[in-house]
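**Q** Before we start, here is the structure in question, set down as structure tokens.
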Amino acid sequence: MASKATASKKKSSKGDDGRPADAAAADLNRPQHSLPDGETCTAVHEKMLVIRRFEERAGEMYAKAKIGGFLHLCIGEEATVVGATQALRDDDYLMSTYREHGQAIARGTPPKEVMAELFGRSGGCSGGRGGSMHLFDWERRFLGGYGIVGGNLPLAVGVALASDYTASDDVTLCMSGDGATNQGTFGEAMNLAALWSLPVVFLVINNQFGMGTALERHSAETDLSRKSSGFGVPGSRCDGMDVLDVHAVVSEALEKARADREPQLVEAVTYRFRGHSMADPEEYREKEEVEEWRRRDPIASFGRRLTEDDVLSEERQADLDGEATKVIDEAVEFADASPHPDLDSLY
């Protein structure tokens with residue numbers, strides 16, 4: 001039987017408003033941001049839909065044994081992924097975790113190449129040799145996902161150091177999970193980034209769980225935006241379920257890193273609707289908690305805002321959803337038809 005210190009299941013505590021405490025904590029009292037132009041709104045909504053449909057289909061393909069190894073889905077985190085990547089310039093660098101399919105697609109990697117990589121086929125963005133956790137797209141400066149928790153943090157410092165050394169104007173955006181803030185590499189990366197005044201932004205995607213362990217059971221400080229301040233890296237928070245808020249906060253952090261050569265940390269408070277991986281039975285979460293977060297679905301919430309502000313009708317949103325499904329259908333067909341990589345590609 002798990003002890004109090006190691007048990008992963010949350011207590012059924014309530015916030016002041018009667019909601020589960022963890023869901024209430026996501027109410028950061030963030031301002032409502034103005035919508036961008038209609039074309040941008042449509043593109044953002046479409047990207048989130050494509051990522052959602054991609055992840056759902058990837059889960060289905062995994063169940064059919066089309067995909068091997070591990071598979072980590074970002075369903076529920078689409079606003080964080082799209083809002084952050086939309087803030088990047090073309091010449092900026094992006095690094096991610098093993099939960100990275102959405103990041104690659106949001107950065108511009110064709111969904112068919114991502115799906116083919118999950119299938120382990122030569123048409124994949126990593127030639128079929130990387131798989132789900134090691135996507136890579138140099139053309140779009142997506143430097144890949146990393147299977148080791150926190151393993152990408154010092155590498156991001158190295159990329160930012162190279163940018164500083166060459167006096168270029170680009171910034172590195174490095175995404176990690178909440179669990180990575182407890183790794184030794186977190187402190188090491190923050191220290192060197194601040195010491196050398198490097199142009200890097202660390203985005204902590206706080207989806208409330210480190211694998212199956214709730215945030216308050218694995219981190220003494222649950223406001224993760226505060227964990228970097230002792231190293232001289234300013235931190236800020238955004239509502240990870242609001243694509244506009246994510247974009248605003250990450251944009252500001254990127255600009256500070258770019259103009260002032262001052263590293264930044266941003267915590268995106270979000271939630272993953274699916275388990276840690278496809279092997280996760282999700283026995284550590286209460287039904288009420290999941291339902292509360294699902295009511296804040298980032299795609300549905302943004303869609304309602306677009307309808308209310310007469311930017312995108314429900315009918316047009318349904319059309320976009322259908323188009324997204326078609327894109328994923330074609331991605332699966334491409335992946336299935338793509339050959340396995342040659343043995344020579346191993347060396």
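Residue names in the structure tokens use chain letters A, B, ... in the order shown, residue numbers from 1 in each chain, and ligand numbers from 1 in the order shown.
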Would you write out, as CSV, a table of all residues in stretch 165-226 of chain A that have an atom no more than 8 Å from an atom of stretch 97-101 of chain A, listing for each the closest atom pair and the distance in Å to one decimal, considering only C-alpha atoms and ordering rows by chain and rising residue number?

**A**
```
residue,atom,partner,partner_atom,distance
A:Met175,CA,A:Thr97,CA,6.4
A:Ser176,CA,A:Thr97,CA,5.7
A:Gly177,CA,A:Thr97,CA,7.4
```

**Q** Identify, on the basis of only C-alpha atoms, every residue whose closest approach to stretch 36-46 of chain A does not exceed 12 Å; exclude the query and any residue fewer than 2 positions from it along the same chain; express the result as a PyMOL selection string.

**A** chain A and resi 33-34+48-53+78-87+105-108+242-244+247-248+298-307+309-313+316-325+327

**Q** The selected residues should be written to file as an mmCIF file, in the first residue's frame (atoms: C-alpha atoms).

**A**
```cif
data_model
loop_
_atom_site.group_PDB
_atom_site.id
_atom_site.type_symbol
_atom_site.label_atom_id
_atom_site.label_comp_id
_atom_site.auth_asym_id
_atom_site.auth_seq_id
_atom_site.Cartn_x
_atom_site.Cartn_y
_atom_site.Cartn_z
ATOM 1 C CA HIS A 33 -7.601 39.102 -24.867
ATOM 2 C CA SER A 34 -8.843 40.686 -28.066
ATOM 3 C CA MET A 48 -5.927 22.901 -32.937
ATOM 4 C CA LEU A 49 -8.517 20.773 -34.735
ATOM 5 C CA VAL A 50 -5.879 19.036 -36.860
ATOM 6 C CA ILE A 51 -3.804 18.254 -33.766
ATOM 7 C CA ARG A 52 -6.837 16.918 -31.883
ATOM 8 C CA ARG A 53 -7.918 14.672 -34.765
ATOM 9 C CA GLU A 78 -3.760 22.081 -27.907
ATOM 10 C CA ALA A 79 -4.105 25.715 -26.800
ATOM 11 C CA THR A 80 -0.718 25.619 -25.097
ATOM 12 C CA VAL A 81 0.963 24.009 -28.088
ATOM 13 C CA VAL A 82 -0.550 26.245 -30.762
ATOM 14 C CA GLY A 83 -0.509 29.463 -28.753
ATOM 15 C CA ALA A 84 3.192 29.076 -28.010
ATOM 16 C CA THR A 85 4.339 28.043 -31.474
ATOM 17 C CA GLN A 86 2.336 30.854 -33.090
ATOM 18 C CA ALA A 87 4.504 33.273 -31.118
ATOM 19 C CA ILE A 105 2.366 19.871 -36.577
ATOM 20 C CA ALA A 106 1.913 23.351 -35.103
ATOM 21 C CA ARG A 107 5.420 24.279 -36.235
ATOM 22 C CA GLY A 108 4.554 23.255 -39.784
ATOM 23 C CA ASP A 242 -6.748 29.718 -23.502
ATOM 24 C CA VAL A 243 -4.824 29.934 -26.768
ATOM 25 C CA LEU A 244 -4.898 33.742 -26.733
ATOM 26 C CA HIS A 247 0.197 33.451 -27.134
ATOM 27 C CA ALA A 248 0.264 36.771 -25.276
ATOM 28 C CA PRO A 298 -9.526 24.654 -25.310
ATOM 29 C CA ILE A 299 -10.912 23.997 -28.780
ATOM 30 C CA ALA A 300 -14.564 24.210 -27.790
ATOM 31 C CA SER A 301 -13.920 27.337 -25.701
ATOM 32 C CA PHE A 302 -12.127 29.121 -28.528
ATOM 33 C CA GLY A 303 -14.818 28.015 -30.962
ATOM 34 C CA ARG A 304 -17.543 29.521 -28.790
ATOM 35 C CA ARG A 305 -15.631 32.791 -28.598
ATOM 36 C CA LEU A 306 -15.316 32.889 -32.384
ATOM 37 C CA THR A 307 -19.042 32.284 -32.786
ATOM 38 C CA ASP A 309 -17.822 37.501 -31.827
ATOM 39 C CA ASP A 310 -19.149 36.656 -35.320
ATOM 40 C CA VAL A 311 -15.722 35.597 -36.541
ATOM 41 C CA LEU A 312 -16.429 31.964 -37.413
ATOM 42 C CA SER A 313 -19.862 30.373 -37.580
ATOM 43 C CA ARG A 316 -17.762 26.877 -40.802
ATOM 44 C CA GLN A 317 -16.171 25.343 -37.717
ATOM 45 C CA ALA A 318 -17.846 22.037 -38.558
ATOM 46 C CA ASP A 319 -16.454 22.310 -42.089
ATOM 47 C CA LEU A 320 -12.960 22.907 -40.714
ATOM 48 C CA ASP A 321 -13.338 19.871 -38.489
ATOM 49 C CA GLY A 322 -14.301 17.780 -41.497
ATOM 50 C CA GLU A 323 -11.319 19.101 -43.426
ATOM 51 C CA ALA A 324 -9.047 18.264 -40.492
ATOM 52 C CA THR A 325 -10.375 14.706 -40.437
ATOM 53 C CA VAL A 327 -6.094 15.587 -43.632
#
```

**Q** Residues near A:Pro234, anyone? I mean within 10 Å using only C-alpha atoms, not counting same-chain ones fewer than 2 positions away, as a list in words.

**A**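 Non-adjacent residues within range: Ala194, Ser225, Arg226, Lys227, Ser228, Ser229, Gly230, Phe231, Gly232, Ser236, Ala253, Glu262, Pro263, Gln264, Leu265 and Val266 of chain A.
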
**Q** How would the residues just chosen look if you wrote them out with C-alpha atoms as an mmCIF file, in the first residue's frame?

**A**
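Saved as part-v4.cif:
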```
data_model
loop_
_atom_site.group_PDB
_atom_site.id
_atom_site.type_symbol
_atom_site.label_atom_id
_atom_site.label_comp_id
_atom_site.auth_asym_id
_atom_site.auth_seq_id
_atom_site.Cartn_x
_atom_site.Cartn_y
_atom_site.Cartn_z
ATOM 1 C CA ALA A 194 20.981 33.347 -16.390
ATOM 2 C CA SER A 225 6.552 29.920 -12.395
ATOM 3 C CA ARG A 226 8.378 30.633 -9.118
ATOM 4 C CA LYS A 227 10.830 27.737 -9.307
ATOM 5 C CA SER A 228 13.312 29.538 -11.566
ATOM 6 C CA SER A 229 13.516 32.865 -9.727
ATOM 7 C CA GLY A 230 16.251 31.715 -7.362
ATOM 8 C CA PHE A 231 18.503 31.211 -10.375
ATOM 9 C CA GLY A 232 17.789 34.669 -11.760
ATOM 10 C CA SER A 236 5.245 34.104 -15.426
ATOM 11 C CA ALA A 253 8.685 36.267 -22.866
ATOM 12 C CA GLU A 262 17.391 37.655 -20.530
ATOM 13 C CA PRO A 263 16.148 34.043 -20.177
ATOM 14 C CA GLN A 264 12.503 33.592 -19.207
ATOM 15 C CA LEU A 265 10.277 30.862 -17.801
ATOM 16 C CA VAL A 266 6.555 30.548 -18.534
#
```

**Q** Kindly indicate which residue among A:Ser168, A:Asn191, A:Thr185, A:Ser277 lies nearest to A:Tyr93, using only C-alpha atoms for the distances.

**A**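 Ranked by minimum distance to A:Tyr93, first place goes to A:Ser168.
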
**Q** Which of stretch 69-227 of chain A counts as strand (DSSP E) under DSSP, as a list of chain:residue names please?

**A**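 So the strand (DSSP E) residues in stretch 69-227 of chain A would be A:Tyr93, A:Leu94, A:Met95, A:Thr172, A:Leu173, A:Cys174, A:Met175, A:Ser176, A:Gly177, A:Val200, A:Val201, A:Phe202, A:Leu203, A:Val204, A:Ile205, A:Asn206, A:Phe209, A:Gly210, A:Thr213, A:Ala214.
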
**Q** Counting only C-alpha atoms, which residue out of A:Leu94, A:Ile67, A:Met133, A:Met278 sits closest to A:Phe119?

**A**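 Of all the options, A:Ile67 lies closest to A:Phe119.
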
**Q** Could you give me the residues within stretch 130-200 of chain A that DSSP places in helix (DSSP H, G or I), as a PyMOL selection string?

**A** chain A and resi 138-140+152-165+178-182+184-195

**Q** Neighbouring residues of A:Ala193 were defined as those with any atom within 8 Å, considering only C-alpha atoms; residues of the same chain fewer than 6 positions away were excluded. Please report them as a list in words.

**A** Val157, Pro199, Val200, Val233 and Pro263 of chain A

**Q** Could you build a table of the residues in stretch 266-332 of chain A lying no more than 12 Å from stretch 58-65 of chain A, giving for each the nearest pair of atoms and their separation in Å rounded to one decimal place, using only C-alpha atoms, ordered by chain and ascending residue number, as CSV?

**A**
```
residue,atom,partner,partner_atom,distance
A:Arg274,CA,A:Gly59,CA,10.0
A:Gly275,CA,A:Gly59,CA,11.1
A:Ser277,CA,A:Gly59,CA,9.7
A:Met278,CA,A:Gly59,CA,7.3
A:Ala279,CA,A:Ala63,CA,10.4
A:Ile328,CA,A:Ala58,CA,9.4
A:Asp329,CA,A:Ala58,CA,10.9
A:Ala331,CA,A:Ala58,CA,10.4
A:Val332,CA,A:Met61,CA,8.7
```

**Q** Taking 6 positions as the minimum chain separation for residues in the same chain, which residues sit within 6 Å of A:Ala268 when counting only C-alpha atoms? Answer as number ranges by chain.

**A** A: 205-206, 237-240

**Q** Find the residue from A:Gln103, A:Leu35, A:Gly127, A:Glu55 that sits nearest to A:Asp344; use only C-alpha atoms when measuring.

**A**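 Looking at the shortest contact to A:Asp344, the residue is A:Gly127.
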
**Q** Which neighbours of stretch 209-213 of chain A fall inside 10 Å, counting only C-alpha atoms, when residues of the same chain fewer than 4 positions from it are skipped, and could you give them as a list in words?

**A**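 Listing them by chain and then by number gives Thr6, Ala7, Ser8, Lys9, Lys10, Val149, Gly177, Asp178, Gly179, Ala180, Asn182, Arg217, His218, Ser219, Tyr271, Arg272, Gly275, His276, Ser277, Asp280, Pro281, Glu282, Glu283, Tyr284 and Arg285 of chain A.
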
**Q** Convert the current residue selection to file output with C-alpha atoms, as a PDB file, in the first residue's frame.

**A**
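Output saved as out-v4.pdb:
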```
ATOM      1  CA  THR A   6       4.370   8.376  -2.486  1.00  0.00           C
ATOM      2  CA  ALA A   7       0.702   7.782  -3.296  1.00  0.00           C
ATOM      3  CA  SER A   8      -0.269   9.250  -6.642  1.00  0.00           C
ATOM      4  CA  LYS A   9      -4.012   9.619  -6.222  1.00  0.00           C
ATOM      5  CA  LYS A  10      -5.312  13.043  -5.266  1.00  0.00           C
ATOM      6  CA  VAL A 149      12.457  13.953 -18.616  1.00  0.00           C
ATOM      7  CA  GLY A 177       6.555  19.099 -18.361  1.00  0.00           C
ATOM      8  CA  ASP A 178       5.858  19.885 -14.720  1.00  0.00           C
ATOM      9  CA  GLY A 179       7.830  16.810 -13.660  1.00  0.00           C
ATOM     10  CA  ALA A 180      10.966  18.154 -15.344  1.00  0.00           C
ATOM     11  CA  ASN A 182      12.200  18.481 -10.211  1.00  0.00           C
ATOM     12  CA  ARG A 217       2.609  15.224  -4.434  1.00  0.00           C
ATOM     13  CA  HIS A 218       5.743  15.676  -6.518  1.00  0.00           C
ATOM     14  CA  SER A 219       6.563  19.377  -6.132  1.00  0.00           C
ATOM     15  CA  TYR A 271      -4.575  19.445 -18.393  1.00  0.00           C
ATOM     16  CA  ARG A 272      -4.168  16.312 -20.454  1.00  0.00           C
ATOM     17  CA  GLY A 275      -3.418   9.185 -19.734  1.00  0.00           C
ATOM     18  CA  HIS A 276       0.318   9.704 -19.504  1.00  0.00           C
ATOM     19  CA  SER A 277       0.744   7.182 -22.301  1.00  0.00           C
ATOM     20  CA  ASP A 280      -1.881   4.341 -18.553  1.00  0.00           C
ATOM     21  CA  PRO A 281      -5.128   2.978 -16.991  1.00  0.00           C
ATOM     22  CA  GLU A 282      -5.773   6.422 -15.407  1.00  0.00           C
ATOM     23  CA  GLU A 283      -6.754   5.065 -12.011  1.00  0.00           C
ATOM     24  CA  TYR A 284      -5.281   8.054 -10.165  1.00  0.00           C
ATOM     25  CA  ARG A 285      -7.796  10.696 -11.325  1.00  0.00           C
TER      26      ARG A 285
END
```

**Q** Would you pick out the contacts of A:Val171 at 10 Å or less, using only C-alpha atoms, so that residues sharing its chain but fewer than 4 positions from it are not included, and give the list as a ChimeraX atom specification?

**A** /A:88-89,91-94,156,159-160,163-164,198-201,254-259,261,263

**Q** Which distance in Å separates atom CA of A:Glu291 and atom CA of A:Gly76, to one decimal?

**A** 12.0 Å

**Q** Of the residues A:Asp90, A:Glu308, A:Glu267, A:Glu216, which is the one nearest to A:Asp170, using only C-alpha atoms?

**A** A:Asp90
